[in-house]
Amino acid sequence: MNLPLPFQIDILDCMIKGILIGVIASAPMGPVGILCVQRTLNKGRWYGLVTGIGAAASDIIYALITGLGMSFVMDFINNAQNKFYLQILGSSLLLLFGVFCFKSDPMKNAHKSSNKKGTLWQNALTAFFVTLGFFSWQPMLSLPSSYPTIHSK
């Protein structure tokens with residue numbers, strides 16, 4: 001059975017786009033993904049795997065907190081007086097973070113990673129706490145200052 005040429009090109013186009021999207025989505029992005037890649041290259045596959053497992057465990061905790069506490073947070077944010085204070089606090093924290101980043105010297109604090117591999121548990125726990133700590137302050141900075149632009153009437 002011969003199919004018309006444009007139909008075959010559409011299928012091939014969809015396959016190429018699907019493969020491209022899959023590769024892009026599976027690429028580790030962000031500081032935790034870079035930590036996983038770094039530990040895999042420096043320490044081996046198992047260390048990279050347990051680093052990813054530790055980060056995933058932290059993400060599960062955040063997903064549970066988000067799912068269970070979303071109605072409370074939305075009620076708190078939608079209150080007009082709370083919204084004003086959240087905007088001031090978020091904007092102030094964002095400004096302070098920007099000033100800190102502008103004044104800091106990133107090469108001064110850079111250090112080489114140690115040659116010690118540590119145990120698999122240590123690697124999983126450090127990834128867990130790095131992920132837990134990284135995402136705990138990020139919404140505090142971005143949500144209150146961006147809320148008025150997203151939900152403005």
# chains A, B, ... in the order shown; residues from 1 in each chain; ligands from 1

call {"tool": "residues_around", "arguments": {"residues": "Leu35 of chain A", "least_positions_apart": "3", "cutoff": "9 Å", "atoms": "only C-alpha atoms", "output": "PyMOL selection string"}}
result
chain A and resi 30-32+38-40+48+51-52+127

call {"tool": "write_last_selection", "arguments": {"atoms": "N, CA and C atoms", "output": "short mmCIF file (atom, residue, chain, number, x, y, z; two decimals), in the first residue's frame"}}
result
data_model
loop_
_atom_site.label_atom_id
_atom_site.label_comp_id
_atom_site.auth_asym_id
_atom_site.auth_seq_id
_atom_site.Cartn_x
_atom_site.Cartn_y
_atom_site.Cartn_z
N GLY A 30 19.49 22.08 35.90
CA GLY A 30 19.56 22.70 37.20
C GLY A 30 20.73 22.21 38.02
N PRO A 31 20.89 22.79 39.21
CA PRO A 31 22.05 22.46 40.04
C PRO A 31 22.06 21.04 40.56
N VAL A 32 20.90 20.46 40.81
CA VAL A 32 20.86 19.10 41.32
C VAL A 32 21.22 18.11 40.21
N GLN A 38 28.09 15.37 37.99
CA GLN A 38 29.43 15.53 38.55
C GLN A 38 29.83 14.32 39.39
N ARG A 39 28.91 13.86 40.23
CA ARG A 39 29.24 12.69 41.07
C ARG A 39 29.37 11.42 40.24
N THR A 40 28.58 11.32 39.18
CA THR A 40 28.71 10.15 38.32
C THR A 40 30.07 10.12 37.65
N GLY A 48 26.31 8.45 41.44
CA GLY A 48 25.39 9.30 40.70
C GLY A 48 23.95 8.86 40.87
N THR A 51 22.71 9.74 44.35
CA THR A 51 22.52 11.18 44.42
C THR A 51 21.17 11.54 43.81
N GLY A 52 20.85 10.95 42.68
CA GLY A 52 19.54 11.17 42.06
C GLY A 52 18.40 10.67 42.91
N ALA A 127 22.63 14.88 48.69
CA ALA A 127 21.76 15.31 47.59
C ALA A 127 20.36 15.62 48.10
#

call {"tool": "residues_around", "arguments": {"residues": "Leu120 of chain A", "least_positions_apart": "4", "cutoff": "8 Å", "atoms": "only C-alpha atoms", "output": "PyMOL selection string"}}
result
chain A and resi 46-47+50+124

call {"tool": "select_by_dssp", "arguments": {"residues": "segment 33-135 of chain A", "states": "alpha helix (DSSP H)", "output": "PyMOL selection string"}}
result
chain A and resi 33-43+45-78+80-103+120-135

call {"tool": "atom_distance", "arguments": {"atom1": "atom CA of Leu132 of chain A", "atom2": "atom CA of Ala55 of chain A"}}
result
7.9 Å

call {"tool": "atom_distance", "arguments": {"atom1": "atom CA of Gly133 of chain A", "atom2": "atom CA of Tyr62 of chain A"}}
result
11.1 Å
